[in-house]
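**Student:** Supplied in structure tokens, the structure appears directly below.
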Amino acid sequence: MHYLVTGAAGFIGFHVSERLLEAGHQVTGIDNLNDYYDVDLKHSRLNLLQKHEAFQFLKGDLADRDFIATLFATHQFQRVIHLGAQAGVRYSLENPHAYADANLIGHLNILEGCRHHRIEHLLYASSSSVYGLNRKTPFSTADSVDHPVSLYAATKKANELMSHSYAHLYGLPCTGLRFFTVYGPWGRPDMALFKFTKAILAGQPIDVYNYGEMRRDFTFIDDIAEAVVRLADEIPQRNENWTVETGTPAESSAPYRVYNIGNSQPVELKKFITELETALGVPAKMNLLPMQPGDVLETSADTSALEAQIGFKPHTPLTDGLAKFVSWYKTYYQQ
């Protein structure tokens with residue numbers, strides 16, 4: 001298969017591209033290599049991917065309509081895994097227009113490319129953040145997701161709606177991937193694990209929001225990549241018996257599906273820090289702070305639909321995942 005992977009220099013995009021290449025597929029990766037976080041880390045990921053002869057990288061922006069149109073016109077992609085986006089809940093409070101450009105216009109450009117070039121399957125990154133004010137846990141894809149608490153979450157919900165319209169209008173098979181707090185080697189420096197590790201090793205205090213009284217469904221990157229690659233072969237079909245009144249929001253009469261991809265074992269932030277202290281062998285100094293705008297108290301994934309579809313669900317224990325991250329971090333940063 002020839003895959004297009006957007007955000008290939010990003011955390012999840014890098015790992016998914018590696019898995020596809022190891023399975024013998026051809027991968028064209030795109031990324032705009034912006035400076036939202038350390039560009040050197042992005043280049044280091046790309047250097048590993050470029051060791052594969054079947055990998056090609058093109059620098060470009062999702063919001064550049066001409067670039068995306070030319071990309072699809074000059075390559076014969078069979079499947080698209082759209083992981084490129086402007087990430088980060090808190091940054092969306094500071095720079096909302098970046099999210100409109102990358103996550104809304106960029107997603108539309110990808111949909112148009114898929115529509116006009118008969119892509120057999122579009123998989124795209126959504127987020128657990130779409131559950132917003134939901135309090136019933138675990139979060140199920142059968143739940144309403146109409147109350148996001150950040151612009152980032154709203155753009156991800158919009159991506160699901162946009163994808164459904166293209167699935168309905170043009171028969172484009174679309175699968176949405178609601179990722180839950182992904183962590184692991186080659187992770188993003190703006191995420192808690194990376195920031196905590198850097199600060200603890202430097203003897204600096206870490207900012208702990210809501211005084212540590214939050215729970216997150218930490219999901220190891222290898223499990224994420226495994227689920228995505230398996231789902232690529234699960235092309236949604238029309239279900240003529242589905243109705244809004246009787247069906248789940250995660251399915252449709254169009255070729256459209258949405259899945260949670262999470263570990264289903266939410267961990268309190270304080271326990272997470274304790275586990276990280278053990279992995280690092282260094283105690284943390286904590287700066288306890290109130291809840292931040294855009295944050296939620298708990299995330300927890302109901303992955304029953306995912307497991308029924310692909311016979312797999314994320315399962316890596318937090319202790320094992322943290323140990324692998326710490327090992328990578330110390331090697332990469334020579335500490």
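The chains in the structure tokens are called A, B, ... from first to last as shown; in each chain the residues are counted from 1, and the ligands are counted from 1 in the order shown.
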Excluding same-chain residues fewer than 6 positions from region 56-73 of chain A, what lies within 8 Å of it counting only C-alpha atoms, as a PDB file with N, CA, C and O atoms, in the first residue's frame?

**Tutor:**
ATOM      1  N   VAL A  27       5.485   4.885   2.287  1.00  0.00           N
ATOM      2  CA  VAL A  27       4.940   5.995   3.062  1.00  0.00           C
ATOM      3  C   VAL A  27       5.485   7.321   2.535  1.00  0.00           C
ATOM      4  O   VAL A  27       6.699   7.501   2.414  1.00  0.00           O
ATOM      5  N   THR A  28       4.585   8.222   2.216  1.00  0.00           N
ATOM      6  CA  THR A  28       4.943   9.614   1.963  1.00  0.00           C
ATOM      7  C   THR A  28       4.497  10.405   3.171  1.00  0.00           C
ATOM      8  O   THR A  28       3.321  10.378   3.544  1.00  0.00           O
ATOM      9  N   GLY A  29       5.441  11.080   3.806  1.00  0.00           N
ATOM     10  CA  GLY A  29       5.130  11.848   5.005  1.00  0.00           C
ATOM     11  C   GLY A  29       5.236  13.333   4.742  1.00  0.00           C
ATOM     12  O   GLY A  29       6.118  13.785   4.006  1.00  0.00           O
ATOM     13  N   ILE A  30       4.309  14.092   5.307  1.00  0.00           N
ATOM     14  CA  ILE A  30       4.396  15.547   5.219  1.00  0.00           C
ATOM     15  C   ILE A  30       4.354  16.145   6.611  1.00  0.00           C
ATOM     16  O   ILE A  30       3.807  15.556   7.550  1.00  0.00           O
ATOM     17  N   ASP A  31       4.944  17.323   6.744  1.00  0.00           N
ATOM     18  CA  ASP A  31       4.951  18.053   8.008  1.00  0.00           C
ATOM     19  C   ASP A  31       5.420  19.462   7.695  1.00  0.00           C
ATOM     20  O   ASP A  31       6.224  19.658   6.780  1.00  0.00           O
ATOM     21  N   ASN A  32       4.921  20.452   8.451  1.00  0.00           N
ATOM     22  CA  ASN A  32       5.415  21.809   8.217  1.00  0.00           C
ATOM     23  C   ASN A  32       6.592  22.167   9.120  1.00  0.00           C
ATOM     24  O   ASN A  32       7.180  23.252   8.991  1.00  0.00           O
ATOM     25  N   LEU A  33       6.952  21.246  10.027  1.00  0.00           N
ATOM     26  CA  LEU A  33       8.111  21.424  10.906  1.00  0.00           C
ATOM     27  C   LEU A  33       8.065  22.771  11.630  1.00  0.00           C
ATOM     28  O   LEU A  33       9.075  23.476  11.737  1.00  0.00           O
ATOM     29  N   GLN A  50      13.885   8.304   7.381  1.00  0.00           N
ATOM     30  CA  GLN A  50      14.529   8.414   6.074  1.00  0.00           C
ATOM     31  C   GLN A  50      15.584   7.332   5.834  1.00  0.00           C
ATOM     32  O   GLN A  50      16.135   7.229   4.741  1.00  0.00           O
ATOM     33  N   GLY A  84      -1.507  15.076  11.313  1.00  0.00           N
ATOM     34  CA  GLY A  84      -0.996  16.439  11.437  1.00  0.00           C
ATOM     35  C   GLY A  84      -2.072  17.369  11.978  1.00  0.00           C
ATOM     36  O   GLY A  84      -3.222  17.318  11.560  1.00  0.00           O
ATOM     37  N   ASP A 101      -6.455  27.355  11.303  1.00  0.00           N
ATOM     38  CA  ASP A 101      -5.675  27.104  10.086  1.00  0.00           C
ATOM     39  C   ASP A 101      -5.337  25.625   9.926  1.00  0.00           C
ATOM     40  O   ASP A 101      -5.630  25.013   8.895  1.00  0.00           O
ATOM     41  N   ALA A 102      -4.707  25.050  10.940  1.00  0.00           N
ATOM     42  CA  ALA A 102      -4.213  23.677  10.823  1.00  0.00           C
ATOM     43  C   ALA A 102      -5.327  22.644  10.950  1.00  0.00           C
ATOM     44  O   ALA A 102      -5.385  21.681  10.186  1.00  0.00           O
ATOM     45  N   ILE A 105      -9.082  24.302   8.372  1.00  0.00           N
ATOM     46  CA  ILE A 105      -8.750  24.432   6.953  1.00  0.00           C
ATOM     47  C   ILE A 105      -7.887  23.254   6.497  1.00  0.00           C
ATOM     48  O   ILE A 105      -8.106  22.689   5.422  1.00  0.00           O
ATOM     49  N   GLY A 106      -6.921  22.874   7.334  1.00  0.00           N
ATOM     50  CA  GLY A 106      -6.063  21.742   6.981  1.00  0.00           C
ATOM     51  C   GLY A 106      -6.848  20.464   6.805  1.00  0.00           C
ATOM     52  O   GLY A 106      -6.612  19.699   5.863  1.00  0.00           O
ATOM     53  N   HIS A 107      -7.787  20.215   7.701  1.00  0.00           N
ATOM     54  CA  HIS A 107      -8.598  18.994   7.601  1.00  0.00           C
ATOM     55  C   HIS A 107      -9.473  19.028   6.348  1.00  0.00           C
ATOM     56  O   HIS A 107      -9.630  18.011   5.659  1.00  0.00           O
ATOM     57  N   ASN A 109      -8.769  20.541   3.555  1.00  0.00           N
ATOM     58  CA  ASN A 109      -7.902  20.291   2.399  1.00  0.00           C
ATOM     59  C   ASN A 109      -7.612  18.809   2.219  1.00  0.00           C
ATOM     60  O   ASN A 109      -7.578  18.298   1.094  1.00  0.00           O
ATOM     61  N   ILE A 110      -7.414  18.102   3.336  1.00  0.00           N
ATOM     62  CA  ILE A 110      -7.191  16.657   3.255  1.00  0.00           C
ATOM     63  C   ILE A 110      -8.455  15.951   2.764  1.00  0.00           C
ATOM     64  O   ILE A 110      -8.396  15.042   1.913  1.00  0.00           O
ATOM     65  N   GLY A 113      -8.706  16.415  -0.947  1.00  0.00           N
ATOM     66  CA  GLY A 113      -7.755  15.562  -1.657  1.00  0.00           C
ATOM     67  C   GLY A 113      -8.235  14.124  -1.716  1.00  0.00           C
ATOM     68  O   GLY A 113      -8.154  13.470  -2.763  1.00  0.00           O
ATOM     69  N   CYS A 114      -8.748  13.626  -0.607  1.00  0.00           N
ATOM     70  CA  CYS A 114      -9.253  12.247  -0.563  1.00  0.00           C
ATOM     71  C   CYS A 114     -10.468  12.079  -1.473  1.00  0.00           C
ATOM     72  O   CYS A 114     -10.601  11.072  -2.176  1.00  0.00           O
ATOM     73  N   HIS A 117      -9.482  12.101  -5.283  1.00  0.00           N
ATOM     74  CA  HIS A 117      -8.524  11.088  -5.749  1.00  0.00           C
ATOM     75  C   HIS A 117      -8.869   9.691  -5.247  1.00  0.00           C
ATOM     76  O   HIS A 117      -8.009   8.818  -5.190  1.00  0.00           O
TER      77      HIS A 117
END

**Student:** Write out as a PyMOL selection string each polymer residue whose atoms come within 8 Å of region 227-235 of chain A, counting only C-alpha atoms; drop sequence neighbours fewer than 2 positions from it.

**Tutor:** chain A and resi 16+19-20+79+120-121+123+173-175+177+223-225+237+255+261+309-310+312-314

**Student:** Save out the residues we just selected, N, CA and C atoms, as a PDB file, in the first residue's frame.

**Tutor:**
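The resulting file, out12.pdb, is reproduced below:
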ATOM      1  N   VAL A  16       3.646   5.742  13.813  1.00  0.00           N
ATOM      2  CA  VAL A  16       2.780   5.053  12.854  1.00  0.00           C
ATOM      3  C   VAL A  16       3.518   4.841  11.536  1.00  0.00           C
ATOM      4  N   ARG A  19       5.856   1.884  11.839  1.00  0.00           N
ATOM      5  CA  ARG A  19       5.138   0.613  11.801  1.00  0.00           C
ATOM      6  C   ARG A  19       4.738   0.246  10.374  1.00  0.00           C
ATOM      7  N   LEU A  20       4.267   1.218   9.628  1.00  0.00           N
ATOM      8  CA  LEU A  20       3.868   0.965   8.242  1.00  0.00           C
ATOM      9  C   LEU A  20       5.070   0.558   7.393  1.00  0.00           C
ATOM     10  N   ARG A  79      -4.301   5.018   0.833  1.00  0.00           N
ATOM     11  CA  ARG A  79      -4.865   5.318   2.141  1.00  0.00           C
ATOM     12  C   ARG A  79      -4.175   6.541   2.731  1.00  0.00           C
ATOM     13  N   GLU A 120      -9.147   5.114  -0.612  1.00  0.00           N
ATOM     14  CA  GLU A 120     -10.003   4.019  -0.143  1.00  0.00           C
ATOM     15  C   GLU A 120     -10.286   4.073   1.346  1.00  0.00           C
ATOM     16  N   HIS A 121      -9.460   4.829   2.113  1.00  0.00           N
ATOM     17  CA  HIS A 121      -9.710   4.928   3.553  1.00  0.00           C
ATOM     18  C   HIS A 121      -8.953   6.123   4.113  1.00  0.00           C
ATOM     19  N   LEU A 123      -8.095   7.763   7.704  1.00  0.00           N
ATOM     20  CA  LEU A 123      -8.091   7.710   9.159  1.00  0.00           C
ATOM     21  C   LEU A 123      -7.545   9.038   9.657  1.00  0.00           C
ATOM     22  N   PRO A 173     -14.761   6.600   2.850  1.00  0.00           N
ATOM     23  CA  PRO A 173     -14.672   5.892   4.131  1.00  0.00           C
ATOM     24  C   PRO A 173     -13.767   6.648   5.107  1.00  0.00           C
ATOM     25  N   CYS A 174     -14.307   7.010   6.258  1.00  0.00           N
ATOM     26  CA  CYS A 174     -13.584   7.809   7.245  1.00  0.00           C
ATOM     27  C   CYS A 174     -13.622   7.139   8.616  1.00  0.00           C
ATOM     28  N   THR A 175     -12.473   7.093   9.277  1.00  0.00           N
ATOM     29  CA  THR A 175     -12.388   6.555  10.632  1.00  0.00           C
ATOM     30  C   THR A 175     -11.726   7.572  11.538  1.00  0.00           C
ATOM     31  N   LEU A 177     -10.149   8.717  15.204  1.00  0.00           N
ATOM     32  CA  LEU A 177      -9.350   8.077  16.245  1.00  0.00           C
ATOM     33  C   LEU A 177      -9.271   8.998  17.456  1.00  0.00           C
ATOM     34  N   ASP A 223       1.037   0.961  21.706  1.00  0.00           N
ATOM     35  CA  ASP A 223      -0.353   0.488  21.627  1.00  0.00           C
ATOM     36  C   ASP A 223      -1.165   1.348  20.658  1.00  0.00           C
ATOM     37  N   ILE A 224      -0.905   2.644  20.682  1.00  0.00           N
ATOM     38  CA  ILE A 224      -1.578   3.549  19.753  1.00  0.00           C
ATOM     39  C   ILE A 224      -1.257   3.166  18.316  1.00  0.00           C
ATOM     40  N   ALA A 225       0.034   2.994  18.023  1.00  0.00           N
ATOM     41  CA  ALA A 225       0.458   2.666  16.659  1.00  0.00           C
ATOM     42  C   ALA A 225      -0.123   1.331  16.207  1.00  0.00           C
ATOM     43  N   GLN A 237     -17.977   0.495   6.153  1.00  0.00           N
ATOM     44  CA  GLN A 237     -18.971   0.255   5.100  1.00  0.00           C
ATOM     45  C   GLN A 237     -20.267   0.971   5.461  1.00  0.00           C
ATOM     46  N   PRO A 255     -20.210   5.459   5.265  1.00  0.00           N
ATOM     47  CA  PRO A 255     -19.029   4.671   5.663  1.00  0.00           C
ATOM     48  C   PRO A 255     -18.160   5.470   6.644  1.00  0.00           C
ATOM     49  N   ILE A 261      -9.239   5.155  21.530  1.00  0.00           N
ATOM     50  CA  ILE A 261      -8.001   4.385  21.664  1.00  0.00           C
ATOM     51  C   ILE A 261      -7.329   4.846  22.957  1.00  0.00           C
ATOM     52  N   GLN A 309     -13.712  -4.760  17.028  1.00  0.00           N
ATOM     53  CA  GLN A 309     -13.392  -4.582  15.619  1.00  0.00           C
ATOM     54  C   GLN A 309     -12.057  -5.186  15.225  1.00  0.00           C
ATOM     55  N   ILE A 310     -11.023  -5.002  16.059  1.00  0.00           N
ATOM     56  CA  ILE A 310      -9.674  -5.418  15.654  1.00  0.00           C
ATOM     57  C   ILE A 310      -9.051  -6.469  16.565  1.00  0.00           C
ATOM     58  N   PHE A 312      -7.960  -6.136  19.556  1.00  0.00           N
ATOM     59  CA  PHE A 312      -6.816  -5.562  20.278  1.00  0.00           C
ATOM     60  C   PHE A 312      -7.285  -4.329  21.023  1.00  0.00           C
ATOM     61  N   LYS A 313      -6.704  -4.117  22.199  1.00  0.00           N
ATOM     62  CA  LYS A 313      -6.887  -2.867  22.926  1.00  0.00           C
ATOM     63  C   LYS A 313      -5.573  -2.520  23.617  1.00  0.00           C
ATOM     64  N   PRO A 314      -5.288  -1.231  23.819  1.00  0.00           N
ATOM     65  CA  PRO A 314      -4.079  -0.851  24.544  1.00  0.00           C
ATOM     66  C   PRO A 314      -4.021  -1.517  25.912  1.00  0.00           C
TER      67      PRO A 314
END

**Student:** Fewer than 6 positions away in the same chain doesn't count, so skip those; otherwise give me all residues within 8 Å of His147 (chain A), counting only C-alpha atoms, as a list in words.

**Tutor:**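 Residues near the query, excluding close chain neighbours: Val130, Tyr131, Gly132, Leu133 and Asn134 of chain A.
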
**Student:** Point out the residue among A:Arg216, A:Thr181, A:Ala167, A:Asp190 with the least atom-to-atom distance to Asn239 (chain A), counting only C-alpha atoms.

**Tutor:**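 Result for the nearest residue to Asn239 (chain A): A:Ala167.
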
**Student:** From region 24-68 of chain A, collect each residue whose DSSP state is alpha helix (DSSP H) and return the set as a list in words.

**Tutor:**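 Selection result, alpha helix (DSSP H) within region 24-68 of chain A: Val39, Asp40, Leu41, Lys42, His43, Ser44, Arg45, Leu46, Asn47, Leu48, Leu49, Arg65, Asp66, Phe67 and Ile68 of chain A.
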
**Student:** Looking at only C-alpha atoms, which of A:Ser264, A:Gln292, A:Gln78, A:Thr248 is the one that sits closest to Thr141 (chain A)?

**Tutor:** A:Thr248

**Student:** Counting only C-alpha atoms, which of A:Leu161, A:Ala192, A:Ile12, A:Leu318 gets nearest to Asp207 (chain A)?

**Tutor:**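 When distances to Asp207 (chain A) are compared using only C-alpha atoms, the smallest one comes from A:Ala192.
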
**Student:** With only C-alpha atoms as the basis for distance, which of A:Gly281, A:Gly176, A:Gly203, A:Gly184 is at the shortest distance from Gly321 (chain A)?

**Tutor:**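 Looking only at the distances to Gly321 (chain A), the closest residue turns out to be A:Gly184.
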
**Student:** Please list as a list in words every residue within 10 Å of Lys136 (chain A), counting only C-alpha atoms and excluding residues in the same chain fewer than 4 positions away.

**Tutor:**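 With the cut-off at 10 Å, the set is Tyr131, Ser140, Asp143, Glu298, Thr299 and Ser300 of chain A.
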
**Student:** Limited to N, CA, C and O atoms, could you put the picked residues into a file as a compact mmCIF listing (two decimals), in the first residue's frame?

**Tutor:**
# COMPACT_ATOMS: atom_id res chain seq x y z
N TYR A 131 -14.79 14.91 24.70
CA TYR A 131 -15.79 14.56 25.71
C TYR A 131 -16.08 15.73 26.65
O TYR A 131 -17.11 15.72 27.34
N SER A 140 -17.62 6.80 26.39
CA SER A 140 -18.02 5.87 25.33
C SER A 140 -18.28 6.65 24.04
O SER A 140 -18.77 7.78 24.07
N ASP A 143 -21.60 8.21 23.64
CA ASP A 143 -21.96 9.41 24.38
C ASP A 143 -22.03 10.63 23.47
O ASP A 143 -21.35 10.71 22.45
N GLU A 298 -11.10 14.16 34.55
CA GLU A 298 -10.78 12.76 34.32
C GLU A 298 -11.01 12.37 32.87
O GLU A 298 -11.93 12.86 32.23
N THR A 299 -10.14 11.51 32.38
CA THR A 299 -10.40 10.86 31.09
C THR A 299 -10.29 9.35 31.29
O THR A 299 -9.45 8.87 32.05
N SER A 300 -11.17 8.62 30.62
CA SER A 300 -11.20 7.16 30.74
C SER A 300 -11.90 6.61 29.52
O SER A 300 -13.00 7.03 29.19

**Student:** Pull the strand (DSSP E) assignments for region 168-202 of chain A out of DSSP run on the backbone, and list those residues as a ChimeraX atom specification.

**Tutor:** /A:174-179,182-183

**Student:** From the list A:Leu48, A:Ile119, A:Ala142, A:Ala323, which residue is nearest Thr246 (chain A) when using only C-alpha atoms?

**Tutor:**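 Result for the nearest residue to Thr246 (chain A): A:Ala142.
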
**Student:** Which residues are close to Tyr36 (chain A), i.e. within 10 Å by only C-alpha atoms, leaving aside same-chain residues fewer than 4 positions away? Reply as a short mmCIF file (atom, residue, chain, number, x, y, z; two decimals) with N, CA and C atoms, in the first residue's frame.

**Tutor:**
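Listing of around-v6.cif after writing:
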data_model
loop_
_atom_site.label_atom_id
_atom_site.label_comp_id
_atom_site.auth_asym_id
_atom_site.auth_seq_id
_atom_site.Cartn_x
_atom_site.Cartn_y
_atom_site.Cartn_z
N GLN A 86 -2.51 21.19 14.81
CA GLN A 86 -1.96 22.01 15.89
C GLN A 86 -2.46 21.41 17.19
N ALA A 87 -1.53 20.88 17.96
CA ALA A 87 -1.89 20.19 19.20
C ALA A 87 -1.82 21.14 20.39
N GLY A 88 -2.31 20.66 21.53
CA GLY A 88 -2.17 21.38 22.78
C GLY A 88 -3.42 22.12 23.20
N TYR A 91 -2.32 25.84 24.67
CA TYR A 91 -1.85 26.75 23.61
C TYR A 91 -3.02 27.29 22.79
N PRO A 189 7.51 17.48 23.80
CA PRO A 189 8.04 18.23 24.95
C PRO A 189 7.02 19.09 25.66
N ASP A 190 5.87 19.36 25.04
CA ASP A 190 4.87 20.20 25.68
C ASP A 190 3.93 19.40 26.59
#

**Student:** Quick one: of A:Thr74, A:Thr6, A:Thr155, A:Ser252, who's nearest to Ser92 (chain A), counting only C-alpha atoms?

**Tutor:**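 Going through A:Thr74, A:Thr6, A:Thr155, A:Ser252 one by one, the smallest distance to Ser92 (chain A) is for A:Thr155.
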
**Student:** Tell me, in Å to one decimal, how far CA of Leu172 (chain A) is from CA of Arg115 (chain A).

**Tutor:**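 Interatomic distance here is 6.5 Å.
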
**Student:** Got a sec: who's within 6 Å of region 198-201 of chain A, counting only C-alpha atoms, leaving out chain neighbours fewer than 3 positions off, as a VMD selection string?

**Tutor:** chain A and resid 195 204 284

**Student:** One decimal, in Å: what's the spacing between CA of Val258 (chain A) and CA of His75 (chain A)?

**Tutor:**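 We find that CA of Val258 (chain A) and CA of His75 (chain A) lie 27.1 Å from each other.
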